[in-house]
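Visitor: I am sharing coords14.txt, which consists of compact mmCIF, C-alpha atoms:
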```
# COMPACT_ATOMS: atom_id res chain seq x y z
CA MET Z 6 89.97 28.56 37.12
CA GLU Z 7 90.69 30.80 34.13
CA THR Z 8 92.76 30.42 30.94
CA THR Z 9 93.43 32.97 28.19
CA VAL Z 10 94.01 32.15 24.52
CA ARG Z 11 94.76 34.71 21.80
CA VAL Z 12 93.36 34.28 18.31
CA PRO Z 13 93.81 36.43 15.16
CA LYS Z 14 91.27 39.22 14.95
CA ASP Z 15 89.97 38.09 11.58
CA ARG Z 16 88.91 34.77 13.18
CA ILE Z 17 86.93 36.28 16.06
CA ALA Z 18 83.71 36.35 14.07
CA VAL Z 19 84.12 32.65 13.25
CA LEU Z 20 84.74 31.84 16.91
CA ILE Z 21 81.57 33.66 17.93
CA GLY Z 22 79.46 32.26 15.11
CA ARG Z 23 76.15 33.48 13.72
CA SER Z 24 74.11 34.91 16.59
CA GLY Z 25 76.78 33.51 18.96
CA ALA Z 26 76.03 29.89 17.95
CA THR Z 27 79.65 28.68 18.02
CA ARG Z 28 80.44 30.23 21.37
CA LYS Z 29 77.23 28.82 22.86
CA ALA Z 30 78.09 25.36 21.54
CA LEU Z 31 81.54 25.56 23.10
CA GLU Z 32 80.13 26.69 26.42
CA ALA Z 33 77.50 23.94 26.42
CA GLY Z 34 80.01 21.24 25.48
CA SER Z 35 82.73 22.25 27.92
CA GLY Z 36 80.85 23.86 30.82
CA ALA Z 37 83.03 26.97 30.55
CA ALA Z 38 82.17 30.65 30.39
CA ILE Z 39 83.78 32.27 27.32
CA GLU Z 40 84.55 35.98 27.04
CA ILE Z 41 86.01 37.37 23.80
CA ASP Z 42 87.80 40.69 23.48
CA SER Z 43 87.26 41.82 19.88
CA ASN Z 44 89.95 44.49 20.14
CA THR Z 45 92.84 42.29 21.24
CA GLY Z 46 91.71 38.82 20.21
CA ASP Z 47 92.06 37.53 23.77
CA VAL Z 48 89.63 34.73 24.64
CA SER Z 49 89.05 34.16 28.35
CA LEU Z 50 87.92 30.67 29.42
CA SER Z 51 86.73 30.22 32.98
CA TRP Z 52 85.29 27.27 34.93
CA ALA Z 53 83.74 26.81 38.32
CA VAL Z 54 86.20 25.43 40.85
CA GLU Z 55 84.07 22.36 41.58
CA GLY Z 56 82.41 19.97 39.18
CA SER Z 57 84.53 20.85 36.13
CA ASP Z 58 85.85 18.14 33.86
CA PRO Z 59 89.68 18.39 33.82
CA ILE Z 60 89.86 16.80 30.35
CA LEU Z 61 87.55 19.44 28.88
CA MET Z 62 89.51 22.12 30.68
CA MET Z 63 92.60 20.93 28.83
CA LYS Z 64 90.89 20.53 25.45
CA LEU Z 65 88.88 23.75 25.19
CA PRO Z 66 91.96 25.98 24.69
CA ASP Z 67 93.02 23.68 21.84
CA ILE Z 68 89.56 23.98 20.26
CA VAL Z 69 89.79 27.77 20.41
CA LYS Z 70 93.31 27.65 18.93
CA ALA Z 71 92.14 25.36 16.14
CA ILE Z 72 89.28 27.69 15.19
CA GLY Z 73 91.59 30.68 15.47
CA ARG Z 74 94.06 28.99 13.11
CA GLY Z 75 91.65 28.32 10.28
CA MET Z 76 89.84 25.14 11.33
CA ALA Z 77 86.09 25.08 10.73
CA PRO Z 78 84.18 25.10 14.06
CA LYS Z 79 82.40 21.79 13.31
CA LYS Z 80 85.74 20.10 12.72
CA ALA Z 81 87.34 21.71 15.76
CA LEU Z 82 84.49 20.50 17.99
CA GLN Z 83 85.66 16.93 17.32
CA LEU Z 84 88.26 17.62 20.00
CA LEU Z 85 85.52 17.22 22.60
CA ASP Z 86 85.81 13.50 21.86
CA ASP Z 87 88.18 11.73 24.27
CA ASN Z 88 89.91 9.96 21.37
CA CYS Z 89 90.64 13.11 19.36
CA TYR Z 90 93.83 15.15 19.80
CA PHE Z 91 95.36 18.44 18.66
CA GLN Z 92 98.72 19.34 17.16
CA MET Z 93 99.99 22.68 15.88
CA HIS Z 94 103.19 23.36 13.91
CA ASP Z 95 104.78 26.78 13.43
CA MET Z 96 106.46 26.76 10.04
CA ARG Z 97 108.66 29.68 11.09
CA GLU Z 98 110.77 27.13 12.96
CA TRP Z 99 111.68 25.67 9.56
CA VAL Z 100 111.66 28.59 7.10
CA GLY Z 101 112.18 31.62 9.32
CA LYS Z 102 110.13 34.82 9.50
CA LYS Z 103 110.28 35.90 5.86
CA SER Z 104 106.78 36.13 4.46
CA THR Z 105 107.90 34.90 1.04
CA GLN Z 106 109.30 31.69 2.50
CA GLN Z 107 106.18 31.15 4.58
CA SER Z 108 103.99 31.68 1.52
CA ARG Z 109 106.07 29.14 -0.42
CA MET Z 110 105.74 26.61 2.38
CA ARG Z 111 101.98 27.16 2.64
CA GLY Z 112 101.77 26.36 -1.06
CA ARG Z 113 103.77 23.14 -0.56
CA LEU Z 114 101.59 22.02 2.36
CA ILE Z 115 98.33 22.74 0.56
CA GLY Z 116 99.33 21.73 -2.95
CA ARG Z 117 97.66 22.64 -6.22
CA ASN Z 118 93.90 22.85 -5.70
CA GLY Z 119 94.45 21.54 -2.15
CA ARG Z 120 95.66 18.15 -3.39
CA ILE Z 121 98.45 17.61 -0.83
CA ARG Z 122 96.31 18.61 2.13
CA ARG Z 123 93.50 16.39 0.87
CA MET Z 124 95.86 13.43 0.45
CA ILE Z 125 97.16 13.84 4.00
CA GLU Z 126 93.62 13.99 5.37
CA GLU Z 127 92.39 10.99 3.36
CA ASN Z 128 95.35 8.77 4.26
CA THR Z 129 95.41 9.61 7.98
CA GLY Z 130 91.78 10.38 8.82
CA CYS Z 131 92.89 13.73 10.29
CA GLU Z 132 91.64 17.27 9.74
CA MET Z 133 94.28 19.75 8.57
CA SER Z 134 94.30 23.52 8.37
CA VAL Z 135 97.07 25.80 7.06
CA TYR Z 136 96.70 29.39 8.23
CA GLY Z 137 99.31 32.15 8.34
CA SER Z 138 102.48 30.57 9.65
CA THR Z 139 100.78 27.63 11.37
CA VAL Z 140 99.59 24.14 10.52
CA VAL Z 141 96.86 22.64 12.70
CA LEU Z 142 96.04 18.94 12.84
CA ILE Z 143 93.18 17.14 14.59
CA GLY Z 144 92.98 13.35 14.68
CA ASP Z 145 93.01 10.14 16.69
CA GLU Z 146 96.00 8.47 18.31
CA GLU Z 147 96.70 6.36 15.22
CA GLY Z 148 96.27 8.91 12.44
CA LEU Z 149 97.72 12.00 14.13
CA PRO Z 150 101.33 10.73 14.30
CA LEU Z 151 101.17 9.86 10.58
CA ALA Z 152 99.88 13.33 9.69
CA ASN Z 153 102.53 14.94 11.92
CA ASN Z 154 105.23 12.93 10.18
CA ALA Z 155 103.94 13.93 6.73
CA VAL Z 156 103.77 17.64 7.63
CA GLU Z 157 107.24 17.64 9.16
CA ARG Z 158 108.69 15.89 6.13
CA ILE Z 159 107.26 18.56 3.84
CA LEU Z 160 108.50 21.31 6.14
CA ARG Z 161 111.98 19.77 5.94
CA GLY Z 162 111.80 19.85 2.15
CA ALA Z 163 110.82 16.27 1.24
CA GLU Z 164 109.31 15.66 -2.18
CA HIS Z 165 105.52 15.39 -2.32
CA SER Z 166 105.71 12.03 -4.09
CA THR Z 167 107.85 10.58 -1.28
CA VAL Z 168 105.45 11.78 1.41
CA ILE Z 169 102.35 10.53 -0.42
CA LYS Z 170 103.90 7.10 -1.04
CA MET Z 171 104.76 6.85 2.65
CA LEU Z 172 101.18 7.70 3.63
CA GLU Z 173 99.67 5.26 1.13
CA ARG Z 174 101.97 2.49 2.38
CA GLU Z 175 100.98 3.19 5.98
CA ARG Z 176 97.31 3.15 5.02
CA ARG Z 177 97.70 -0.24 3.29
CA ASP Z 178 99.53 -1.60 6.33
CA ARG Z 179 96.74 -0.40 8.63
CA LYS Z 180 94.12 -2.08 6.42
CA MET Z 181 96.08 -5.33 6.47
CA ARG Z 182 96.38 -5.23 10.26
CA VAL Z 183 92.66 -4.63 10.61
CA ARG Z 184 91.90 -7.40 8.12
CA ARG Z 185 94.10 -9.85 10.02
CA LEU Z 186 92.37 -8.97 13.26
CA ASP Z 187 88.97 -9.48 11.61
CA ASN Z 188 90.07 -12.88 10.31
CA ILE Z 189 91.24 -13.90 13.77
CA GLU Z 190 87.88 -12.92 15.21
CA GLU Z 191 86.02 -14.86 12.50
CA ARG Z 192 88.10 -17.98 13.01
CA ARG Z 193 87.67 -17.96 16.75
CA PRO Z 194 84.88 -20.51 17.45
CA GLU Z 195 82.13 -19.93 19.96
CA THR Z 196 83.22 -23.10 21.78
CA SER Z 197 86.79 -24.32 21.88
CA ALA Z 198 87.40 -26.93 19.20
CA GLY Z 199 88.79 -30.24 20.36
CA PHE Z 200 91.99 -31.71 19.04
CA GLU Z 201 89.90 -34.47 17.48
CA GLU Z 202 88.70 -32.02 14.81
CA LEU Z 203 92.27 -31.40 13.73
CA VAL Z 204 93.29 -35.11 13.44
CA PRO Z 205 90.93 -37.27 11.35
CA GLY Z 206 90.12 -40.64 12.95
CA LEU Z 207 91.46 -39.64 16.34
CA ALA Z 208 88.03 -39.79 17.97
CA ASP Z 209 87.44 -43.38 16.75
CA ALA Z 210 90.89 -44.41 17.91
CA ARG Z 211 90.19 -42.98 21.35
CA ARG Z 212 86.87 -44.82 21.53
CA ARG Z 213 88.62 -48.09 20.66
CA GLN Z 214 91.24 -47.35 23.27
CA ARG Z 215 88.52 -46.79 25.87
CA ARG Z 216 86.85 -50.10 24.94
CA PHE Z 217 90.16 -51.90 25.19
CA THR Z 218 90.92 -50.27 28.52
CA ASN Z 219 87.48 -51.18 29.86
CA SER Z 220 87.97 -54.83 28.80
CA GLN Z 221 91.13 -55.23 30.85
CA VAL Z 222 90.91 -57.13 34.13
CA ASP Z 223 92.13 -55.93 37.45
CA PRO Z 224 94.97 -58.37 38.34
CA GLU Z 225 94.05 -58.15 42.02
CA ASP Z 226 90.40 -59.10 41.43
CA GLU Z 227 90.35 -62.96 41.64
CA GLU Z 228 86.66 -63.19 40.66
CA GLU Z 229 87.19 -61.21 37.46
CA ILE Z 230 90.25 -63.29 36.63
CA ALA Z 231 88.24 -66.52 37.05
CA LYS Z 232 85.52 -65.23 34.71
CA MET Z 233 88.09 -64.28 32.13
CA MET Z 234 89.70 -67.73 32.30
CA GLU Z 235 86.30 -69.40 31.79
CA LEU Z 236 85.78 -67.31 28.65
CA ALA Z 237 89.22 -68.29 27.45
CA ASP Z 238 88.44 -71.98 27.91
CA ASP Z 239 85.30 -71.64 25.78
CA GLU Z 240 87.21 -70.15 22.88
CA SER Z 241 88.39 -72.45 20.10
CA ILE Z 242 90.63 -71.81 17.19
CA THR Z 243 89.96 -73.42 13.84
CA TYR Z 244 92.19 -73.51 10.83
CA ALA Z 245 90.99 -73.68 7.33
CA GLU Z 246 92.77 -73.92 4.07
CA GLU Z 247 91.82 -71.57 1.34
```
For this file, produce the structure as structure tokens.
Guide:
Amino acid sequence: METTVRVPKDRIAVLIGRSGATRKALEAGSGAAIEIDSNTGDVSLSWAVEGSDPILMMKLPDIVKAIGRGMAPKKALQLLDDNCYFQMHDMREWVGKKSTQQSRMRGRLIGRNGRIRRMIEENTGCEMSVYGSTVVLIGDEEGLPLANNAVERILRGAEHSTVIKMLERERRDRKMRVRRLDNIEERRPETSAGFEELVPGLADARRRQRRFTNSQVDPEDEEEIAKMMELADDESITYAEE
């Protein structure tokens, strides 16, 4: 099976790596053979028909795209993890093909000194790269939707402060959910607690009830009834004045 992905020519050297290190790492991690055409930027990915992992066959093209769109190879290789996913946005869908508009939008997504991109990454746990007209995101199933939402809001023109507040609120909510789950785990006893622990004195009351129940006589047992009557005859009641 073979798949072809095209990357910008100025990212081919990064995809190959020093002495071919990045390409070798991709081949070792995915089991694919990778051929790179330096003239066109076409990257050919091929696998043997049998014994290939279908998940890796789906993820390797995304890894190549991520590297081709500005993501550092070490960060892009996180996609080999089953719990890591890829998302790419084309800002031309929002601002058109004018280079000036794309440049303005890149500035909004990155922020001064990279502040906006850093805030998105810190609040979602995702990796983000802005390159040319594209935005690439890599993250888990919980953080990636948040990062997607933040990027799309900025692309639609939302204020940075609004987006950052939304991310910080979501991060606080996630921490609270995790904290509640931790508390539930801590409170869960190793052995199930009896109801007696919740009601003080209930255990003593139940013991008295058992003693009372055990002292009762079977009405159909004549011998037990006779013994009980003999005990009753021996009892005497005395009255005393205080």
Visitor: How many Å separate atom CA of Ser51 of chain Z from atom CA of Gly144 of chain Z?
Guide: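 Rounded to one decimal, the two atoms are 25.7 Å apart.
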Visitor: Can you work out the spacing between atom CA of Leu149 of chain Z and atom CA of Met110 of chain Z in Å, to one decimal?
Guide: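 Calculated distance between atom CA of Leu149 of chain Z and atom CA of Met110 of chain Z is 20.4 Å.
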Visitor: Within 12 Å of (84.0, 28.1, 12.2) (coordinates as in the file), grab all the protein and nucleic acid residues, counting all atoms listed in the file, and write them out as a PyMOL selection string.
Guide: chain Z and resi 15-23+25-28+30-31+68-82+134
Visitor: What residues have an atom no more than 12 Å from (92.9, 20.7, 26.4) in the file's own frame, counting all atoms listed in the file, and can you write them as a short mmCIF file (atom, residue, chain, number, x, y, z; two decimals) with C-alpha atoms, in the frame of the given file?
Guide:
```cif
data_model
loop_
_atom_site.label_atom_id
_atom_site.label_comp_id
_atom_site.auth_asym_id
_atom_site.auth_seq_id
_atom_site.Cartn_x
_atom_site.Cartn_y
_atom_site.Cartn_z
CA THR Z 8 92.76 30.42 30.94
CA VAL Z 10 94.01 32.15 24.52
CA SER Z 35 82.73 22.25 27.92
CA LEU Z 50 87.92 30.67 29.42
CA ASP Z 58 85.85 18.14 33.86
CA PRO Z 59 89.68 18.39 33.82
CA ILE Z 60 89.86 16.80 30.35
CA LEU Z 61 87.55 19.44 28.88
CA MET Z 62 89.51 22.12 30.68
CA MET Z 63 92.60 20.93 28.83
CA LYS Z 64 90.89 20.53 25.45
CA LEU Z 65 88.88 23.75 25.19
CA PRO Z 66 91.96 25.98 24.69
CA ASP Z 67 93.02 23.68 21.84
CA ILE Z 68 89.56 23.98 20.26
CA VAL Z 69 89.79 27.77 20.41
CA LYS Z 70 93.31 27.65 18.93
CA ALA Z 71 92.14 25.36 16.14
CA LEU Z 82 84.49 20.50 17.99
CA LEU Z 84 88.26 17.62 20.00
CA LEU Z 85 85.52 17.22 22.60
CA ASP Z 86 85.81 13.50 21.86
CA ASP Z 87 88.18 11.73 24.27
CA CYS Z 89 90.64 13.11 19.36
CA TYR Z 90 93.83 15.15 19.80
CA PHE Z 91 95.36 18.44 18.66
CA GLN Z 92 98.72 19.34 17.16
#
```
Visitor: Report, in Å to a single decimal, how far apart atom CA of Val100 of chain Z and atom CA of Ile115 of chain Z are.
Guide: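 Result for atom CA of Ile115 of chain Z versus atom CA of Val100 of chain Z: 16.0 Å, one decimal.
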Visitor: Return the single residue from Z:Tyr136, Z:Lys29, Z:Arg185, Z:Asn128 that is closest to Leu172 of chain Z, with distances computed using all atoms listed in the file.
Guide: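 Going through Z:Tyr136, Z:Lys29, Z:Arg185, Z:Asn128 one by one, the smallest distance to Leu172 of chain Z is for Z:Asn128.
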Visitor: Give the answer as one residue: which of Z:Asn118, Z:Ser104, Z:Ser166, Z:Gln83 has the shortest atom-to-atom distance to Glu132 of chain Z, using only C-alpha atoms?
Guide: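 Checking each of Z:Asn118, Z:Ser104, Z:Ser166, Z:Gln83 against Glu132 of chain Z, counting only C-alpha atoms, the winner is Z:Gln83.
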Visitor: When you count only C-alpha atoms, which of these residues is closest to His94 of chain Z: Z:Asp47, Z:Glu157, Z:Glu173, Z:Glu164?
Guide: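 Among the listed residues, Z:Glu157 lies closest to His94 of chain Z.
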Visitor: Using only C-alpha atoms, pick whichever of Z:Arg11, Z:Ser49, Z:Arg177, Z:Arg184 has the shortest atom-to-atom distance to Glu32 of chain Z.
Guide: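 Of the candidates, the smallest distance to Glu32 of chain Z is held by Z:Ser49.
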Visitor: Once N, CA and C atoms are restored for segment 156-177 of chain Z, what would the output be as a compact mmCIF listing (two decimals), keeping the file's coordinate frame?
Guide:
```
# COMPACT_ATOMS: atom_id res chain seq x y z
N VAL Z 156 103.59 16.18 7.60
CA VAL Z 156 103.77 17.64 7.63
C VAL Z 156 105.23 18.00 7.89
N GLU Z 157 105.85 17.33 8.84
CA GLU Z 157 107.24 17.64 9.16
C GLU Z 157 108.17 17.31 8.01
N ARG Z 158 107.87 16.23 7.29
CA ARG Z 158 108.69 15.89 6.13
C ARG Z 158 108.62 16.99 5.07
N ILE Z 159 107.41 17.48 4.83
CA ILE Z 159 107.26 18.56 3.84
C ILE Z 159 107.95 19.83 4.32
N LEU Z 160 107.84 20.12 5.60
CA LEU Z 160 108.50 21.31 6.14
C LEU Z 160 110.02 21.20 6.02
N ARG Z 161 110.52 19.97 6.08
CA ARG Z 161 111.98 19.77 5.94
C ARG Z 161 112.41 19.74 4.49
N GLY Z 162 111.44 19.78 3.55
CA GLY Z 162 111.80 19.85 2.15
C GLY Z 162 111.63 18.56 1.38
N ALA Z 163 110.99 17.54 1.94
CA ALA Z 163 110.82 16.27 1.24
C ALA Z 163 109.92 16.45 0.02
N GLU Z 164 110.14 15.62 -0.99
CA GLU Z 164 109.31 15.66 -2.18
C GLU Z 164 107.89 15.19 -1.86
N HIS Z 165 106.91 15.79 -2.54
CA HIS Z 165 105.52 15.39 -2.32
C HIS Z 165 105.30 13.92 -2.62
N SER Z 166 105.90 13.43 -3.70
CA SER Z 166 105.71 12.03 -4.09
C SER Z 166 106.20 11.08 -3.00
N THR Z 167 107.31 11.42 -2.36
CA THR Z 167 107.85 10.58 -1.28
C THR Z 167 106.89 10.54 -0.10
N VAL Z 168 106.36 11.70 0.26
CA VAL Z 168 105.45 11.78 1.41
C VAL Z 168 104.16 11.02 1.12
N ILE Z 169 103.61 11.19 -0.07
CA ILE Z 169 102.35 10.53 -0.42
C ILE Z 169 102.53 9.01 -0.46
N LYS Z 170 103.64 8.54 -1.01
CA LYS Z 170 103.90 7.10 -1.04
C LYS Z 170 104.01 6.54 0.37
N MET Z 171 104.65 7.28 1.26
CA MET Z 171 104.76 6.85 2.65
C MET Z 171 103.38 6.73 3.29
N LEU Z 172 102.52 7.72 3.05
CA LEU Z 172 101.18 7.70 3.63
C LEU Z 172 100.35 6.55 3.06
N GLU Z 173 100.44 6.35 1.75
CA GLU Z 173 99.67 5.26 1.13
C GLU Z 173 100.14 3.90 1.64
N ARG Z 174 101.44 3.75 1.85
CA ARG Z 174 101.97 2.49 2.38
C ARG Z 174 101.46 2.26 3.81
N GLU Z 175 101.47 3.31 4.60
CA GLU Z 175 100.98 3.19 5.98
C GLU Z 175 99.50 2.86 5.99
N ARG Z 176 98.74 3.44 5.07
CA ARG Z 176 97.31 3.15 5.02
C ARG Z 176 97.07 1.69 4.65
N ARG Z 177 97.84 1.17 3.67
CA ARG Z 177 97.70 -0.24 3.29
C ARG Z 177 98.06 -1.15 4.47
```
